[in-house]
Amino acid sequence: MYPDDRRYTREHEWARRENGRVRIGVTKFAADRLSDVVFIELPKAGAQVKAMDPFGVIESVKAASDLYAPVSGRVVEVNQQLMDSPETINQDPHGAAWMIVIETGAVGDAEWEQLLDSRAYEDLVGKEQ
Amino acid sequence: MTRTTEWHPHKYLPMTAAERDAMLRAVGRGSAEELFTDIPTEVRLRRPLSLPPALADGDLLAHLRDLSERNGHADRLTCFLGGGAYDHLIPSVVWHLAGRAEFVTAYTPYQAEVMQGELQAGYEYQSMLCELTAMDVANASMYDGASALGEAAVMARDLTKRDEVVVSTAVHPHYRETLRTFVQHLGIVVREVGYEDGVTLPGRVRALITERTAAVIVQSPNAFGCVEDGAVLAQTAHAVGALLVTAIAEPISLGVLQPPGAYGADIVAGEGQPLGSHLSFGGPYLGMLATRDAFVRRMPGRLVGVAADHDGRRGFVLTLQTREQHIRREKATSNICTNEALNALAAAVYMAALGKTGLRRVAEVNAQRAHYAKQRLCAIPGIRPAFDAPVFNEFVLRTPVAPEDLNVRLRQHGILGGLALHRWYPELADGWLVCVTEARTRAEIDKFVAAVSEVVS
């Protein structure tokens, strides 16, 4: 259910490594729990983010939550389409609904090792369900 | 007496002895005293409150009347005092409608959608406030003008992700104090920019603002009654990516002045008391907050929206509540969740009763009477205007007699004089802020001028 080509945070973000960069989104668990997402606020390209600090806000008909950066680095890409059609997050959370791409520095590896693999994440959400 | 064990609330008494016993039995305690055993005895009051004996109805009314007659208020004195609270005429219809029991007793709509009347009132108020300010969206009200300005500063910080605001010293001193209180623990730096000839100079603002500035905050008409050059101030703020926050203490002025939305203001925060609320010794008043569509998600407070129900009928809802503290907790746009629904309703009735033409007319009469009074007062030897900038219904004069002494003497003529400004502006030791609304007749103004003339000569 949760792809093993990426890692996960306890706050329900996913992170996938792509040639020294990290693509970030939220998990299907988070999307389902939030229900219909109506608004998303993402940083601008060039912004610095810090591991486990908020980098944006996701708002559904039920709640508004912070988005936490799995790793530190500089934002190099932002999914602009997502801001216009936030419902994509409910439709394809692990694919088309990626949010930002971060270029990580040297600390990236250490932070990466702190993240959960797909099995550990499944255990986590299994407990929360 | 048949009710001994069951819970039957009495219609008028909040709690009878029988009910108290029933509750104590339910929690397994013998007396109310036992409920307070956790409170250390040394901090407890071990004697009855020292209150005078109860008065009979008639005696109580007479006593309260005696007390109230010791007040000097705008109903007894002829009021030329403004400075943030304005003595306007209120059409009878305003409180005839707003004073209906259904509205007066309505508490916070926790089940908002079953209170369609309350929500519609909020919606109408918001819509009219948007028209008045030429902004896109207004909330259902905040506490008062000063706290609305504090909220606007926080909103600007959140929108721009910058941590400094630049506020003109021509913004009402109480508003600036409240602003500082609001932001002092939020890491927002407040810098002040001085005024010149009664207004905020864009050049001075330009010299002070940087890439860190979230907002330039001005008031128009400002604390001296002077009208600011909103368009140039908006351009100045926008040039560094800052927002323009306009405070409005006298919304009646918008009947004749350009609305903030038209000159590029990003957030409007103001005081709605002049729109149908009585002076009431300073409150409850009405905090107004309006902004642009793009900023709505950072706007604090309740927001009423219009929607369609299951059968397609028009209905009203509280919208964008995910921003609010009961859902977003410490990340909420604001942690003040109370508003001033009754005063907002009065403002809606006031604006609806006057209409566009009526409001313009009221504003014109304010401006005409104020300018007439200003002209006549300035003809008195020794009195001169402090500033040349255009004004609406308030203006600062320099007087040869200390303004506070002048006010004491005017009180003997049954007149409530203007505001002595030296408390907040030492450079204006002889500065006297006079306000003339549509509630002052030509005869009252002439009497006022004669009295001032007598005192200063």
# chains A, B, ... in the order shown; residues from 1 in each chain; ligands from 1

call {"tool": "select_by_dssp", "arguments": {"residues": "segment 86-303 of chain B", "states": "strand (DSSP E or B)", "output": "PyMOL selection string"}}
result
chain B and resi 137-138+142+164-168+189-193+195-196+199-200+213-219+226+243-248+267-271+287-291

call {"tool": "write_last_selection", "arguments": {"atoms": "C-alpha atoms", "output": "short mmCIF file (atom, residue, chain, number, x, y, z; two decimals), in the first residue's frame"}}
result
data_model
loop_
_atom_site.label_atom_id
_atom_site.label_comp_id
_atom_site.auth_asym_id
_atom_site.auth_seq_id
_atom_site.Cartn_x
_atom_site.Cartn_y
_atom_site.Cartn_z
CA VAL B 137 -14.25 40.56 2.22
CA ALA B 138 -15.05 41.57 5.80
CA MET B 142 -13.90 41.95 16.27
CA GLU B 164 8.33 44.41 11.34
CA VAL B 165 5.54 46.95 11.08
CA VAL B 166 5.93 50.68 10.61
CA VAL B 167 3.15 52.70 12.20
CA SER B 168 2.52 56.41 11.87
CA VAL B 189 8.99 44.81 15.84
CA VAL B 190 6.94 48.01 15.86
CA ARG B 191 8.66 51.12 14.48
CA GLU B 192 7.04 54.54 14.47
CA VAL B 193 7.20 57.14 11.75
CA TYR B 195 3.98 63.07 11.25
CA GLU B 196 4.49 66.48 9.72
CA VAL B 199 -0.12 63.92 8.21
CA THR B 200 2.17 60.98 7.48
CA THR B 213 8.59 45.55 6.69
CA ALA B 214 5.34 43.57 6.71
CA ALA B 215 3.04 46.57 6.81
CA VAL B 216 2.82 50.33 6.82
CA ILE B 217 0.04 51.31 9.22
CA VAL B 218 -1.75 54.62 8.91
CA GLN B 219 -5.11 55.99 9.97
CA CYS B 226 -6.50 64.96 8.96
CA LEU B 243 1.09 45.85 2.83
CA LEU B 244 -0.83 49.03 3.58
CA VAL B 245 -3.01 48.69 6.66
CA THR B 246 -5.49 51.54 7.05
CA ALA B 247 -7.11 52.17 10.41
CA ILE B 248 -10.44 53.94 10.41
CA ILE B 267 -6.24 45.49 5.15
CA VAL B 268 -8.76 47.87 6.73
CA ALA B 269 -9.12 47.78 10.51
CA GLY B 270 -11.41 50.15 12.25
CA GLU B 271 -13.98 51.20 14.78
CA GLY B 287 -14.12 46.10 15.56
CA MET B 288 -14.21 46.18 11.77
CA LEU B 289 -11.80 44.14 9.68
CA ALA B 290 -11.80 43.87 5.91
CA THR B 291 -9.29 42.72 3.33
#

call {"tool": "residues_around", "arguments": {"residues": "Ser457 of chain B", "least_positions_apart": "2", "cutoff": "10 Å", "atoms": "only C-alpha atoms", "output": "list in words"}}
result
Ile380, Pro381, Gly382, Pro400, Val401, Val452, Ser453, Glu454 and Val455 of chain B

call {"tool": "atom_distance", "arguments": {"atom1": "atom CA of Leu49 of chain B", "atom2": "atom CA of Val27 of chain B"}}
result
27.0 Å

call {"tool": "closest_residue", "arguments": {"among": "B:Ala231, B:Ala106, B:Cys435, B:Val306", "to": "Gln258 of chain B", "atoms": "only C-alpha atoms"}}
result
B:Ala231

call {"tool": "residues_around", "arguments": {"residues": "Asp75 of chain B", "least_positions_apart": "5", "cutoff": "12 Å", "atoms": "only C-alpha atoms", "output": "PDB file with N, CA and C atoms, in the first residue's frame"}}
result
ATOM      1  N   SER B  68     -26.026  57.939  38.424  1.00  0.00           N
ATOM      2  CA  SER B  68     -25.850  58.246  37.009  1.00  0.00           C
ATOM      3  C   SER B  68     -25.875  59.747  36.759  1.00  0.00           C
ATOM      4  N   GLU B  69     -26.584  60.478  37.619  1.00  0.00           N
ATOM      5  CA  GLU B  69     -26.637  61.926  37.423  1.00  0.00           C
ATOM      6  C   GLU B  69     -25.320  62.608  37.769  1.00  0.00           C
ATOM      7  N   ASP B  87     -20.144  61.140  18.664  1.00  0.00           N
ATOM      8  CA  ASP B  87     -21.527  61.365  19.075  1.00  0.00           C
ATOM      9  C   ASP B  87     -22.388  61.630  17.842  1.00  0.00           C
ATOM     10  N   HIS B  88     -22.920  60.557  17.262  1.00  0.00           N
ATOM     11  CA  HIS B  88     -23.781  60.700  16.093  1.00  0.00           C
ATOM     12  C   HIS B  88     -25.243  60.470  16.472  1.00  0.00           C
ATOM     13  N   LEU B  89     -26.120  60.955  15.605  1.00  0.00           N
ATOM     14  CA  LEU B  89     -27.538  60.658  15.772  1.00  0.00           C
ATOM     15  C   LEU B  89     -27.775  59.210  15.344  1.00  0.00           C
ATOM     16  N   HIS B 278     -24.072  53.472  20.573  1.00  0.00           N
ATOM     17  CA  HIS B 278     -24.002  54.619  21.472  1.00  0.00           C
ATOM     18  C   HIS B 278     -22.591  54.775  22.024  1.00  0.00           C
ATOM     19  N   LEU B 279     -22.297  55.953  22.573  1.00  0.00           N
ATOM     20  CA  LEU B 279     -20.972  56.199  23.145  1.00  0.00           C
ATOM     21  C   LEU B 279     -20.718  55.256  24.327  1.00  0.00           C
ATOM     22  N   SER B 280     -21.717  55.114  25.200  1.00  0.00           N
ATOM     23  CA  SER B 280     -21.675  54.121  26.284  1.00  0.00           C
ATOM     24  C   SER B 280     -20.363  54.077  27.064  1.00  0.00           C
ATOM     25  N   PHE B 281     -19.774  55.207  27.350  1.00  0.00           N
ATOM     26  CA  PHE B 281     -18.547  55.259  28.158  1.00  0.00           C
ATOM     27  C   PHE B 281     -17.425  54.374  27.616  1.00  0.00           C
ATOM     28  N   GLY B 414     -22.177  73.993  30.113  1.00  0.00           N
ATOM     29  CA  GLY B 414     -22.887  72.792  29.635  1.00  0.00           C
ATOM     30  C   GLY B 414     -22.278  72.202  28.371  1.00  0.00           C
ATOM     31  N   ILE B 415     -20.998  72.476  28.161  1.00  0.00           N
ATOM     32  CA  ILE B 415     -20.345  72.023  26.923  1.00  0.00           C
ATOM     33  C   ILE B 415     -19.208  71.052  27.248  1.00  0.00           C
ATOM     34  N   LEU B 416     -19.193  69.938  26.526  1.00  0.00           N
ATOM     35  CA  LEU B 416     -18.097  68.979  26.623  1.00  0.00           C
ATOM     36  C   LEU B 416     -17.096  69.363  25.536  1.00  0.00           C
ATOM     37  N   ALA B 439     -24.775  65.715  14.683  1.00  0.00           N
ATOM     38  CA  ALA B 439     -25.672  65.856  15.838  1.00  0.00           C
ATOM     39  C   ALA B 439     -25.629  67.267  16.426  1.00  0.00           C
ATOM     40  N   ARG B 440     -24.642  68.078  16.032  1.00  0.00           N
ATOM     41  CA  ARG B 440     -24.540  69.449  16.550  1.00  0.00           C
ATOM     42  C   ARG B 440     -25.283  70.408  15.625  1.00  0.00           C
TER      43      ARG B 440
END

call {"tool": "closest_residue", "arguments": {"among": "A:Asp84, A:Glu41, A:Asp123, A:Asp92", "to": "chain B", "atoms": "only C-alpha atoms"}}
result
A:Glu41

call {"tool": "interface_residues", "arguments": {"of": "chain B", "to": "chain A", "cutoff": "12 Å", "atoms": "only C-alpha atoms", "output": "NGL selection string"}}
result
:B and (158-161 or 295-298 or 319-333)

call {"tool": "select_by_dssp", "arguments": {"residues": "segment 2-113 of chain A", "states": "helix (DSSP H, G or I)", "output": "list of chain:residue names"}}
result
A:Lys28, A:Phe29, A:Ala30, A:Ala31, A:Asp32, A:Arg33, A:Leu34, A:Gln80, A:Gln81, A:Leu82, A:Met83, A:Asp84, A:Thr88, A:Ile89, A:Asn90, A:Gln91, A:Gly108, A:Asp109, A:Ala110, A:Glu111, A:Trp112, A:Glu113

call {"tool": "atom_distance", "arguments": {"atom1": "atom CA of Asp109 of chain A", "atom2": "atom CA of Pro54 of chain A"}}
result
19.8 Å

call {"tool": "residues_around", "arguments": {"residues": "Thr178 of chain B", "least_positions_apart": "2", "cutoff": "9 Å", "atoms": "only C-alpha atoms", "output": "ChimeraX atom specification"}}
result
/B:146-147,149-150,173-176,180-183

call {"tool": "residues_around", "arguments": {"residues": "Leu42 of chain A", "least_positions_apart": "3", "cutoff": "10 Å", "atoms": "only C-alpha atoms", "output": "PyMOL selection string"}}
result
chain A and resi 45+55-58+67+78-80+82-83+99-100

call {"tool": "decode", "arguments": {"residues": "chain A", "atoms": "C-alpha atoms", "output": "PDB file, in the first residue's frame"}}
result
ATOM      1  CA  MET A   1       0.000   0.000   0.000  1.00  0.00           C
ATOM      2  CA  TYR A   2       2.819   2.458   0.817  1.00  0.00           C
ATOM      3  CA  PRO A   3       5.468   2.463  -1.949  1.00  0.00           C
ATOM      4  CA  ASP A   4       8.889   1.239  -0.833  1.00  0.00           C
ATOM      5  CA  ASP A   5      10.722   3.592  -3.193  1.00  0.00           C
ATOM      6  CA  ARG A   6      10.506   6.332  -0.568  1.00  0.00           C
ATOM      7  CA  ARG A   7      10.542   7.088   3.140  1.00  0.00           C
ATOM      8  CA  TYR A   8       8.025   8.603   5.538  1.00  0.00           C
ATOM      9  CA  THR A   9       7.721  10.958   8.509  1.00  0.00           C
ATOM     10  CA  ARG A  10       5.661  10.375  11.617  1.00  0.00           C
ATOM     11  CA  GLU A  11       3.713  13.468  10.540  1.00  0.00           C
ATOM     12  CA  HIS A  12       2.604  11.604   7.387  1.00  0.00           C
ATOM     13  CA  GLU A  13       4.771  13.157   4.682  1.00  0.00           C
ATOM     14  CA  TRP A  14       6.562  11.013   2.127  1.00  0.00           C
ATOM     15  CA  ALA A  15      10.022  11.754   0.668  1.00  0.00           C
ATOM     16  CA  ARG A  16      11.560  10.229  -2.457  1.00  0.00           C
ATOM     17  CA  ARG A  17      15.184  10.636  -3.466  1.00  0.00           C
ATOM     18  CA  GLU A  18      15.856  11.670  -7.053  1.00  0.00           C
ATOM     19  CA  ASN A  19      19.523  12.274  -7.941  1.00  0.00           C
ATOM     20  CA  GLY A  20      20.469  14.232  -4.864  1.00  0.00           C
ATOM     21  CA  ARG A  21      17.105  15.923  -4.641  1.00  0.00           C
ATOM     22  CA  VAL A  22      14.115  14.918  -2.553  1.00  0.00           C
ATOM     23  CA  ARG A  23      10.509  15.077  -3.732  1.00  0.00           C
ATOM     24  CA  ILE A  24       7.928  15.536  -0.990  1.00  0.00           C
ATOM     25  CA  GLY A  25       4.206  14.951  -0.572  1.00  0.00           C
ATOM     26  CA  VAL A  26       1.705  13.696   1.989  1.00  0.00           C
ATOM     27  CA  THR A  27       0.610  10.091   2.386  1.00  0.00           C
ATOM     28  CA  LYS A  28      -2.698   8.537   1.436  1.00  0.00           C
ATOM     29  CA  PHE A  29      -3.343   8.051   5.143  1.00  0.00           C
ATOM     30  CA  ALA A  30      -3.052  11.803   5.717  1.00  0.00           C
ATOM     31  CA  ALA A  31      -5.173  12.622   2.665  1.00  0.00           C
ATOM     32  CA  ASP A  32      -7.919  10.214   3.764  1.00  0.00           C
ATOM     33  CA  ARG A  33      -7.907  11.513   7.304  1.00  0.00           C
ATOM     34  CA  LEU A  34      -8.125  15.140   6.172  1.00  0.00           C
ATOM     35  CA  SER A  35     -10.916  14.314   3.692  1.00  0.00           C
ATOM     36  CA  ASP A  36     -11.545  16.882   0.925  1.00  0.00           C
ATOM     37  CA  VAL A  37      -8.526  19.154   0.655  1.00  0.00           C
ATOM     38  CA  VAL A  38      -9.576  22.665  -0.334  1.00  0.00           C
ATOM     39  CA  PHE A  39      -6.440  24.747  -0.014  1.00  0.00           C
ATOM     40  CA  ILE A  40      -2.709  24.375   0.108  1.00  0.00           C
ATOM     41  CA  GLU A  41      -0.014  26.875   0.920  1.00  0.00           C
ATOM     42  CA  LEU A  42       3.505  26.028  -0.289  1.00  0.00           C
ATOM     43  CA  PRO A  43       6.811  27.909  -0.050  1.00  0.00           C
ATOM     44  CA  LYS A  44       8.347  29.704  -3.011  1.00  0.00           C
ATOM     45  CA  ALA A  45      11.247  28.190  -4.957  1.00  0.00           C
ATOM     46  CA  GLY A  46      14.465  29.265  -3.288  1.00  0.00           C
ATOM     47  CA  ALA A  47      13.092  29.094   0.253  1.00  0.00           C
ATOM     48  CA  GLN A  48      15.098  27.189   2.861  1.00  0.00           C
ATOM     49  CA  VAL A  49      13.342  24.480   4.812  1.00  0.00           C
ATOM     50  CA  LYS A  50      14.507  22.680   7.922  1.00  0.00           C
ATOM     51  CA  ALA A  51      13.875  19.056   8.766  1.00  0.00           C
ATOM     52  CA  MET A  52      10.678  18.657  10.790  1.00  0.00           C
ATOM     53  CA  ASP A  53       9.872  22.369  10.631  1.00  0.00           C
ATOM     54  CA  PRO A  54       6.642  23.421   8.902  1.00  0.00           C
ATOM     55  CA  PHE A  55       7.073  24.314   5.219  1.00  0.00           C
ATOM     56  CA  GLY A  56       3.426  24.855   4.338  1.00  0.00           C
ATOM     57  CA  VAL A  57      -0.195  24.428   5.312  1.00  0.00           C
ATOM     58  CA  ILE A  58      -2.784  21.971   4.085  1.00  0.00           C
ATOM     59  CA  GLU A  59      -6.428  22.751   4.666  1.00  0.00           C
ATOM     60  CA  SER A  60      -9.411  20.484   4.211  1.00  0.00           C
ATOM     61  CA  VAL A  61     -13.081  20.914   4.944  1.00  0.00           C
ATOM     62  CA  LYS A  62     -12.301  19.451   8.371  1.00  0.00           C
ATOM     63  CA  ALA A  63      -8.958  20.813   9.467  1.00  0.00           C
ATOM     64  CA  ALA A  64      -5.913  22.870   8.676  1.00  0.00           C
ATOM     65  CA  SER A  65      -2.532  21.280   9.385  1.00  0.00           C
ATOM     66  CA  ASP A  66       1.091  22.148   8.976  1.00  0.00           C
ATOM     67  CA  LEU A  67       3.246  20.298   6.477  1.00  0.00           C
ATOM     68  CA  TYR A  68       6.604  19.180   7.885  1.00  0.00           C
ATOM     69  CA  ALA A  69       9.780  18.938   5.839  1.00  0.00           C
ATOM     70  CA  PRO A  70      11.264  15.418   6.052  1.00  0.00           C
ATOM     71  CA  VAL A  71      14.750  16.793   5.321  1.00  0.00           C
ATOM     72  CA  SER A  72      16.496  20.170   5.285  1.00  0.00           C
ATOM     73  CA  GLY A  73      17.461  22.009   2.148  1.00  0.00           C
ATOM     74  CA  ARG A  74      16.500  24.561  -0.456  1.00  0.00           C
ATOM     75  CA  VAL A  75      13.223  24.396  -2.367  1.00  0.00           C
ATOM     76  CA  VAL A  76      13.991  24.033  -6.078  1.00  0.00           C
ATOM     77  CA  GLU A  77      10.588  23.058  -7.453  1.00  0.00           C
ATOM     78  CA  VAL A  78       7.011  23.754  -6.360  1.00  0.00           C
ATOM     79  CA  ASN A  79       3.928  22.017  -7.742  1.00  0.00           C
ATOM     80  CA  GLN A  80       2.002  25.087  -8.884  1.00  0.00           C
ATOM     81  CA  GLN A  81      -0.847  23.008 -10.320  1.00  0.00           C
ATOM     82  CA  LEU A  82      -1.559  21.641  -6.874  1.00  0.00           C
ATOM     83  CA  MET A  83      -2.459  25.095  -5.591  1.00  0.00           C
ATOM     84  CA  ASP A  84      -5.127  25.430  -8.291  1.00  0.00           C
ATOM     85  CA  SER A  85      -6.468  21.893  -7.885  1.00  0.00           C
ATOM     86  CA  PRO A  86      -5.795  20.769  -4.317  1.00  0.00           C
ATOM     87  CA  GLU A  87      -8.270  17.890  -4.787  1.00  0.00           C
ATOM     88  CA  THR A  88      -5.396  16.074  -6.541  1.00  0.00           C
ATOM     89  CA  ILE A  89      -4.091  15.367  -3.034  1.00  0.00           C
ATOM     90  CA  ASN A  90      -7.125  13.152  -2.390  1.00  0.00           C
ATOM     91  CA  GLN A  91      -6.973  11.563  -5.859  1.00  0.00           C
ATOM     92  CA  ASP A  92      -3.284  10.761  -6.225  1.00  0.00           C
ATOM     93  CA  PRO A  93      -1.390  11.578  -3.012  1.00  0.00           C
ATOM     94  CA  HIS A  94       1.686   9.486  -3.842  1.00  0.00           C
ATOM     95  CA  GLY A  95       1.981  10.615  -7.474  1.00  0.00           C
ATOM     96  CA  ALA A  96       0.637  13.756  -9.141  1.00  0.00           C
ATOM     97  CA  ALA A  97       0.135  15.442  -5.758  1.00  0.00           C
ATOM     98  CA  TRP A  98       3.831  15.887  -4.963  1.00  0.00           C
ATOM     99  CA  MET A  99       4.325  19.277  -3.325  1.00  0.00           C
ATOM    100  CA  ILE A 100       7.913  20.425  -3.434  1.00  0.00           C
ATOM    101  CA  VAL A 101      11.382  19.235  -4.440  1.00  0.00           C
ATOM    102  CA  ILE A 102      14.233  20.003  -2.082  1.00  0.00           C
ATOM    103  CA  GLU A 103      17.930  20.111  -2.812  1.00  0.00           C
ATOM    104  CA  THR A 104      19.557  18.665   0.289  1.00  0.00           C
ATOM    105  CA  GLY A 105      22.945  19.573   1.660  1.00  0.00           C
ATOM    106  CA  ALA A 106      25.477  17.368   3.403  1.00  0.00           C
ATOM    107  CA  VAL A 107      23.195  16.782   6.404  1.00  0.00           C
ATOM    108  CA  GLY A 108      20.680  15.173   4.053  1.00  0.00           C
ATOM    109  CA  ASP A 109      21.965  11.639   4.635  1.00  0.00           C
ATOM    110  CA  ALA A 110      21.773  11.786   8.401  1.00  0.00           C
ATOM    111  CA  GLU A 111      18.251  13.191   8.254  1.00  0.00           C
ATOM    112  CA  TRP A 112      17.250  10.611   5.674  1.00  0.00           C
ATOM    113  CA  GLU A 113      18.235   7.799   8.027  1.00  0.00           C
ATOM    114  CA  GLN A 114      15.823   9.191  10.642  1.00  0.00           C
ATOM    115  CA  LEU A 115      12.850   8.647   8.327  1.00  0.00           C
ATOM    116  CA  LEU A 116      10.647   5.564   8.383  1.00  0.00           C
ATOM    117  CA  ASP A 117      10.717   2.950   5.626  1.00  0.00           C
ATOM    118  CA  SER A 118       7.429   1.788   4.143  1.00  0.00           C
ATOM    119  CA  ARG A 119       7.073  -1.127   6.546  1.00  0.00           C
ATOM    120  CA  ALA A 120       7.702   1.028   9.624  1.00  0.00           C
ATOM    121  CA  TYR A 121       5.261   3.585   8.316  1.00  0.00           C
ATOM    122  CA  GLU A 122       2.613   0.933   7.715  1.00  0.00           C
ATOM    123  CA  ASP A 123       3.123  -0.194  11.301  1.00  0.00           C
ATOM    124  CA  LEU A 124       2.667   3.390  12.463  1.00  0.00           C
ATOM    125  CA  VAL A 125      -0.570   4.050  10.610  1.00  0.00           C
ATOM    126  CA  GLY A 126      -1.780   0.550  11.442  1.00  0.00           C
ATOM    127  CA  LYS A 127      -1.579   1.611  15.061  1.00  0.00           C
ATOM    128  CA  GLU A 128      -3.326   4.896  14.398  1.00  0.00           C
ATOM    129  CA  GLN A 129      -6.182   3.309  12.459  1.00  0.00           C
TER     130      GLN A 129
END
